[in-house]
>>> print(open('target_19.csv').read())   # CSV, C-alpha atoms
chain,number,residue,atom,x,y,z
T,168,MET,CA,121.1,351.0,131.4
T,169,LYS,CA,119.1,350.4,134.6
T,170,ILE,CA,115.9,351.5,132.9
T,171,LEU,CA,116.6,349.0,130.1
T,172,ILE,CA,117.1,346.2,132.5
T,173,ILE,CA,113.9,347.0,134.3
T,174,GLN,CA,112.0,347.2,131.0
T,175,LEU,CA,113.4,343.8,130.0
T,176,LEU,CA,112.4,342.2,133.3
T,177,LEU,CA,108.9,343.7,133.0
T,178,LEU,CA,108.6,342.3,129.5
T,179,ILE,CA,109.8,338.8,130.6
T,180,ALA,CA,107.3,338.9,133.6
T,181,LEU,CA,104.4,339.9,131.3
T,182,SER,CA,105.2,337.2,128.7
T,183,CYS,CA,105.5,334.3,131.2
T,184,PRO,CA,102.7,331.7,130.6
T,185,GLY,CA,100.1,331.5,133.3
T,186,GLN,CA,100.6,335.0,134.6
T,187,THR,CA,97.5,337.0,134.1
T,188,LEU,CA,97.4,340.5,135.6
T,189,PHE,CA,94.3,341.6,137.6
T,190,GLY,CA,93.4,344.2,135.0
T,191,ASP,CA,93.4,341.6,132.3
T,192,LYS,CA,91.1,339.4,134.3
T,193,CYS,CA,88.7,342.3,134.6
T,194,ILE,CA,88.5,343.3,131.0
T,195,GLY,CA,84.9,343.8,129.8
T,196,LYS,CA,81.7,345.6,130.5
T,197,TRP,CA,80.1,345.1,133.9
T,198,GLU,CA,76.7,346.1,135.3
T,199,GLY,CA,75.2,346.2,138.8
T,200,THR,CA,73.7,348.1,141.6
T,201,LEU,CA,75.6,350.2,144.1
T,202,ASN,CA,74.0,350.1,147.6
T,203,ILE,CA,74.9,352.9,150.0
T,204,PHE,CA,74.7,352.3,153.7
T,205,SER,CA,75.1,354.6,156.7
T,206,ARG,CA,75.6,353.0,160.1
T,207,GLY,CA,74.3,349.7,158.8
T,208,VAL,CA,71.1,351.1,157.2
T,209,LEU,CA,70.5,351.1,153.4
T,210,LYS,CA,70.1,354.8,152.4
T,211,ASP,CA,70.2,354.7,148.6
T,212,SER,CA,70.9,352.5,145.6
T,213,VAL,CA,72.0,353.5,142.1
T,214,THR,CA,72.6,351.5,138.9
T,215,VAL,CA,76.2,351.4,137.9
T,216,ARG,CA,78.2,350.4,134.8
T,217,HIS,CA,81.9,349.6,135.0
T,218,THR,CA,84.1,349.3,131.9
T,219,VAL,CA,87.7,347.9,131.8
T,220,GLU,CA,89.7,348.1,128.6
T,221,LYS,CA,93.4,347.3,128.0
T,222,LEU,CA,95.5,350.4,127.2
T,223,SER,CA,99.0,348.9,127.4
T,224,PRO,CA,100.6,345.7,128.8
T,225,THR,CA,100.4,347.2,132.3
T,226,SER,CA,97.5,349.7,132.2
T,227,TRP,CA,93.7,349.6,131.8
T,228,THR,CA,90.8,352.1,131.6
T,229,TRP,CA,88.9,351.8,134.9
T,230,LYS,CA,85.6,353.7,134.2
T,231,THR,CA,82.6,353.6,136.4
T,232,GLU,CA,79.3,355.3,135.4
T,233,TYR,CA,76.8,356.1,138.2
T,234,LEU,CA,73.4,356.2,136.3
T,235,SER,CA,71.5,358.2,139.0
T,236,ALA,CA,68.6,360.3,137.9
T,237,ASN,CA,69.5,362.9,140.5
T,238,MET,CA,73.3,362.9,140.4
T,239,PRO,CA,74.7,361.1,137.4
T,240,MET,CA,78.5,360.8,137.6
T,241,VAL,CA,81.4,359.2,135.7
T,242,LYS,CA,84.7,358.2,137.4
T,243,ASP,CA,87.1,357.7,134.5
T,244,TYR,CA,90.3,356.4,136.0
T,245,ILE,CA,93.3,354.4,134.8
T,246,LEU,CA,94.5,351.3,136.6
T,247,ARG,CA,98.2,350.4,136.1
T,248,THR,CA,100.8,348.2,137.6
T,249,PRO,CA,104.3,349.6,138.0
T,250,ASP,CA,105.6,346.3,139.3
T,251,PRO,CA,103.5,343.1,138.8
T,252,TYR,CA,106.0,341.1,140.9
T,253,LEU,CA,105.1,343.2,144.0
T,254,ASN,CA,101.4,342.9,143.2
T,255,LYS,CA,101.3,346.7,143.4
T,256,TYR,CA,98.8,348.7,141.3
T,257,ILE,CA,98.0,352.4,141.0
T,258,THR,CA,94.6,353.9,140.5
T,259,ASP,CA,95.2,357.1,138.6
T,260,GLU,CA,92.3,359.5,139.1
T,261,GLY,CA,93.9,362.2,137.0
T,262,GLY,CA,95.2,365.6,138.0
T,263,GLY,CA,98.1,364.0,139.8
T,264,LEU,CA,95.9,362.0,142.2
T,265,GLU,CA,97.1,358.5,142.5
T,266,LEU,CA,96.0,355.8,145.0
T,267,THR,CA,98.2,352.8,145.7
T,268,ASP,CA,96.5,349.4,145.6
T,269,TYR,CA,97.8,346.0,146.5
T,270,LEU,CA,96.6,342.7,145.1
T,271,PHE,CA,96.1,339.6,147.3
T,272,GLY,CA,94.8,336.7,145.3
T,273,ASN,CA,91.9,338.1,143.3
T,274,LYS,CA,91.3,341.1,145.6
T,275,LEU,CA,92.7,344.6,145.2
T,276,TYR,CA,93.0,346.7,148.3
T,277,SER,CA,93.5,350.4,148.8
T,278,VAL,CA,93.6,352.4,152.1
T,279,PHE,CA,93.8,356.2,152.1
T,280,GLU,CA,92.8,359.2,154.1
T,281,THR,CA,91.2,362.5,152.9
T,282,HIS,CA,89.7,365.4,154.8
T,283,GLU,CA,90.2,363.4,158.1
T,284,VAL,CA,88.2,360.4,156.8
T,285,LEU,CA,89.8,357.0,156.4
T,286,LEU,CA,88.6,355.0,153.4
T,287,THR,CA,89.2,351.4,152.4
T,288,SER,CA,88.5,350.4,148.8
T,289,THR,CA,88.4,346.9,147.4
T,290,TYR,CA,87.7,345.1,144.1
T,291,GLU,CA,87.2,341.4,144.3
T,292,LEU,CA,86.9,339.2,141.2
T,293,ILE,CA,85.0,336.0,141.7
T,294,GLY,CA,84.4,334.4,138.3
T,295,ASP,CA,82.2,336.8,136.3
T,296,THR,CA,81.3,338.8,139.4
T,297,LEU,CA,83.3,341.9,140.5
T,298,ILE,CA,82.5,343.2,143.9
T,299,PHE,CA,83.5,346.8,144.7
T,300,GLU,CA,83.4,348.1,148.3
T,301,VAL,CA,84.3,351.4,149.9
T,302,THR,CA,84.1,351.9,153.7
T,303,SER,CA,84.7,355.2,155.4
T,304,GLY,CA,84.8,356.7,158.8
T,305,LYS,CA,86.4,359.3,161.0
T,306,LYS,CA,88.9,358.9,163.8
T,307,GLU,CA,87.3,357.9,167.1
T,308,SER,CA,88.2,359.1,170.6
T,309,ILE,CA,91.7,358.0,171.6
T,310,THR,CA,91.5,355.4,174.4
T,311,HIS,CA,95.1,354.2,174.2
T,312,PRO,CA,98.2,356.2,173.2
T,313,GLU,CA,99.4,353.4,170.9
T,314,VAL,CA,96.2,352.7,169.0
T,315,VAL,CA,94.0,354.9,166.8
T,316,THR,CA,90.6,353.5,165.9
T,317,TYR,CA,88.3,354.7,163.1
T,318,ALA,CA,84.6,354.3,162.9
T,319,THR,CA,83.2,352.3,159.9
T,320,SER,CA,80.2,354.5,159.4
T,321,ASN,CA,79.6,354.2,155.7
T,322,LEU,CA,79.7,351.4,153.1
T,323,GLN,CA,79.2,351.6,149.4
T,324,ARG,CA,78.9,348.1,147.8
T,325,ALA,CA,78.4,347.2,144.2
T,326,VAL,CA,78.1,343.7,142.8
T,327,PHE,CA,78.8,343.8,139.1
T,328,LYS,CA,78.0,341.0,136.6
T,329,ARG,CA,80.1,340.8,133.5
T,330,THR,CA,77.9,341.6,130.4
T,331,SER,CA,80.6,341.3,127.8
T,332,ARG,CA,84.3,340.8,127.3
>>> encode(input="target_19.csv", output="structure tokens")
Amino acid sequence: MKILIIQLLLLIALSCPGQTLFGDKCIGKWEGTLNIFSRGVLKDSVTVRHTVEKLSPTSWTWKTEYLSANMPMVKDYILRTPDPYLNKYITDEGGGLELTDYLFGNKLYSVFETHEVLLTSTYELIGDTLIFEVTSGKKESITHPEVVTYATSNLQRAVFKRTSR
């Protein structure tokens, strides 16, 4: 019964006029250049393509192709929202790896740690421009017992332009 109520509330939320989910706003094909910085210096650039397609009322393909001559790569994820009222999203990378994202306005934020490196990831939608950024860095020396600081050593930034819907 509880599941039925949750499904009904989700259906009502998704059918309300004026409510457009972040994934729906991003549907289309996008192209741009990913710039890779280390300690403020541009180290490399690669052409990227990003594709968003609707899979269900609350999930989308979230595929990024890195068109590098040396190291081509495809990140084929799924973006979904378990609760649009909480502006909470999940980036499902497959194999059980899921990152939690939170939406503020038209900007999706994720913060996570792996191999002692703290990463922040954002997608910001501004009209037909989608800006993707990832910063990363390691824990710095502890200078105060109540605060842990992390270096922001690396930045990856792509500015995508929508090429089709």
>>> closest_residue(input="target_19.csv", among="T:Ile298, T:Ile245, T:Leu275, T:Val315", to="Glu198 (chain T)", atoms="only C-alpha atoms")
T:Ile298
>>> atom_distance(input="target_19.csv", atom1="CA of Ser303 (chain T)", atom2="CA of Thr287 (chain T)")
6.6 Å
>>> closest_residue(input="target_19.csv", among="T:Tyr244, T:Tyr317, T:Tyr276, T:Phe327", to="Leu201 (chain T)", atoms="all atoms listed in the file")
T:Phe327
>>> closest_residue(input="target_19.csv", among="T:Thr228, T:Ser205, T:Thr258, T:Thr296", to="Arg329 (chain T)", atoms="only C-alpha atoms")
T:Thr296
>>> residues_around(input="target_19.csv", residues="Leu209 (chain T)", least_positions_apart="6", cutoff="12 Å", atoms="only C-alpha atoms", output="ChimeraX atom specification")
/T:201-203,320-324
>>> residues_around(input="target_19.csv", residues="Arg216 (chain T)", least_positions_apart="5", cutoff="6 Å", atoms="all atoms listed in the file", output="ChimeraX atom specification")
/T:197-198,231-232
>>> atom_distance(input="target_19.csv", atom1="CA of Ser308 (chain T)", atom2="CA of Phe204 (chain T)")
22.7 Å
>>> build_atoms(input="target_19.csv", residues="region 264-284 of chain T", atoms="N, CA and C atoms", output="PDB file, keeping the file's coordinate frame")
ATOM      1  N   LEU T 264      96.385 362.846 141.115  1.00  0.00           N
ATOM      2  CA  LEU T 264      95.900 362.000 142.200  1.00  0.00           C
ATOM      3  C   LEU T 264      96.002 360.569 141.910  1.00  0.00           C
ATOM      4  N   GLU T 265      96.856 359.875 142.657  1.00  0.00           N
ATOM      5  CA  GLU T 265      97.100 358.500 142.500  1.00  0.00           C
ATOM      6  C   GLU T 265      96.943 357.723 143.792  1.00  0.00           C
ATOM      7  N   LEU T 266      96.154 356.653 143.778  1.00  0.00           N
ATOM      8  CA  LEU T 266      96.000 355.800 145.000  1.00  0.00           C
ATOM      9  C   LEU T 266      96.743 354.529 144.762  1.00  0.00           C
ATOM     10  N   THR T 267      97.433 354.085 145.791  1.00  0.00           N
ATOM     11  CA  THR T 267      98.200 352.800 145.700  1.00  0.00           C
ATOM     12  C   THR T 267      97.268 351.683 146.125  1.00  0.00           C
ATOM     13  N   ASP T 268      97.307 350.614 145.330  1.00  0.00           N
ATOM     14  CA  ASP T 268      96.500 349.400 145.600  1.00  0.00           C
ATOM     15  C   ASP T 268      97.450 348.224 145.670  1.00  0.00           C
ATOM     16  N   TYR T 269      97.064 347.217 146.441  1.00  0.00           N
ATOM     17  CA  TYR T 269      97.800 346.000 146.500  1.00  0.00           C
ATOM     18  C   TYR T 269      96.923 344.800 146.296  1.00  0.00           C
ATOM     19  N   LEU T 270      97.422 343.844 145.513  1.00  0.00           N
ATOM     20  CA  LEU T 270      96.600 342.700 145.100  1.00  0.00           C
ATOM     21  C   LEU T 270      97.010 341.497 146.010  1.00  0.00           C
ATOM     22  N   PHE T 271      95.995 340.860 146.586  1.00  0.00           N
ATOM     23  CA  PHE T 271      96.100 339.600 147.300  1.00  0.00           C
ATOM     24  C   PHE T 271      95.154 338.640 146.720  1.00  0.00           C
ATOM     25  N   GLY T 272      95.675 337.628 146.030  1.00  0.00           N
ATOM     26  CA  GLY T 272      94.800 336.700 145.300  1.00  0.00           C
ATOM     27  C   GLY T 272      94.065 337.414 144.218  1.00  0.00           C
ATOM     28  N   ASN T 273      92.754 337.410 144.278  1.00  0.00           N
ATOM     29  CA  ASN T 273      91.900 338.100 143.300  1.00  0.00           C
ATOM     30  C   ASN T 273      91.229 339.327 143.912  1.00  0.00           C
ATOM     31  N   LYS T 274      91.859 339.923 144.932  1.00  0.00           N
ATOM     32  CA  LYS T 274      91.300 341.100 145.600  1.00  0.00           C
ATOM     33  C   LYS T 274      92.269 342.210 145.692  1.00  0.00           C
ATOM     34  N   LEU T 275      91.854 343.366 145.203  1.00  0.00           N
ATOM     35  CA  LEU T 275      92.700 344.600 145.200  1.00  0.00           C
ATOM     36  C   LEU T 275      92.281 345.477 146.324  1.00  0.00           C
ATOM     37  N   TYR T 276      93.247 345.903 147.141  1.00  0.00           N
ATOM     38  CA  TYR T 276      93.000 346.700 148.300  1.00  0.00           C
ATOM     39  C   TYR T 276      93.660 348.077 148.238  1.00  0.00           C
ATOM     40  N   SER T 277      92.972 349.094 148.720  1.00  0.00           N
ATOM     41  CA  SER T 277      93.500 350.400 148.800  1.00  0.00           C
ATOM     42  C   SER T 277      93.046 351.039 150.145  1.00  0.00           C
ATOM     43  N   VAL T 278      93.935 351.698 150.871  1.00  0.00           N
ATOM     44  CA  VAL T 278      93.600 352.400 152.100  1.00  0.00           C
ATOM     45  C   VAL T 278      94.165 353.796 152.014  1.00  0.00           C
ATOM     46  N   PHE T 279      93.316 354.811 152.245  1.00  0.00           N
ATOM     47  CA  PHE T 279      93.800 356.200 152.100  1.00  0.00           C
ATOM     48  C   PHE T 279      92.943 357.088 153.038  1.00  0.00           C
ATOM     49  N   GLU T 280      93.459 358.280 153.269  1.00  0.00           N
ATOM     50  CA  GLU T 280      92.800 359.200 154.100  1.00  0.00           C
ATOM     51  C   GLU T 280      92.611 360.552 153.346  1.00  0.00           C
ATOM     52  N   THR T 281      91.438 361.169 153.454  1.00  0.00           N
ATOM     53  CA  THR T 281      91.200 362.500 152.900  1.00  0.00           C
ATOM     54  C   THR T 281      90.238 363.250 153.771  1.00  0.00           C
ATOM     55  N   HIS T 282      90.527 364.490 154.017  1.00  0.00           N
ATOM     56  CA  HIS T 282      89.700 365.400 154.800  1.00  0.00           C
ATOM     57  C   HIS T 282      89.343 364.688 156.181  1.00  0.00           C
ATOM     58  N   GLU T 283      90.350 364.058 156.800  1.00  0.00           N
ATOM     59  CA  GLU T 283      90.200 363.400 158.100  1.00  0.00           C
ATOM     60  C   GLU T 283      89.265 362.224 158.102  1.00  0.00           C
ATOM     61  N   VAL T 284      89.023 361.643 156.923  1.00  0.00           N
ATOM     62  CA  VAL T 284      88.200 360.400 156.800  1.00  0.00           C
ATOM     63  C   VAL T 284      89.078 359.333 156.234  1.00  0.00           C
TER      64      VAL T 284
END
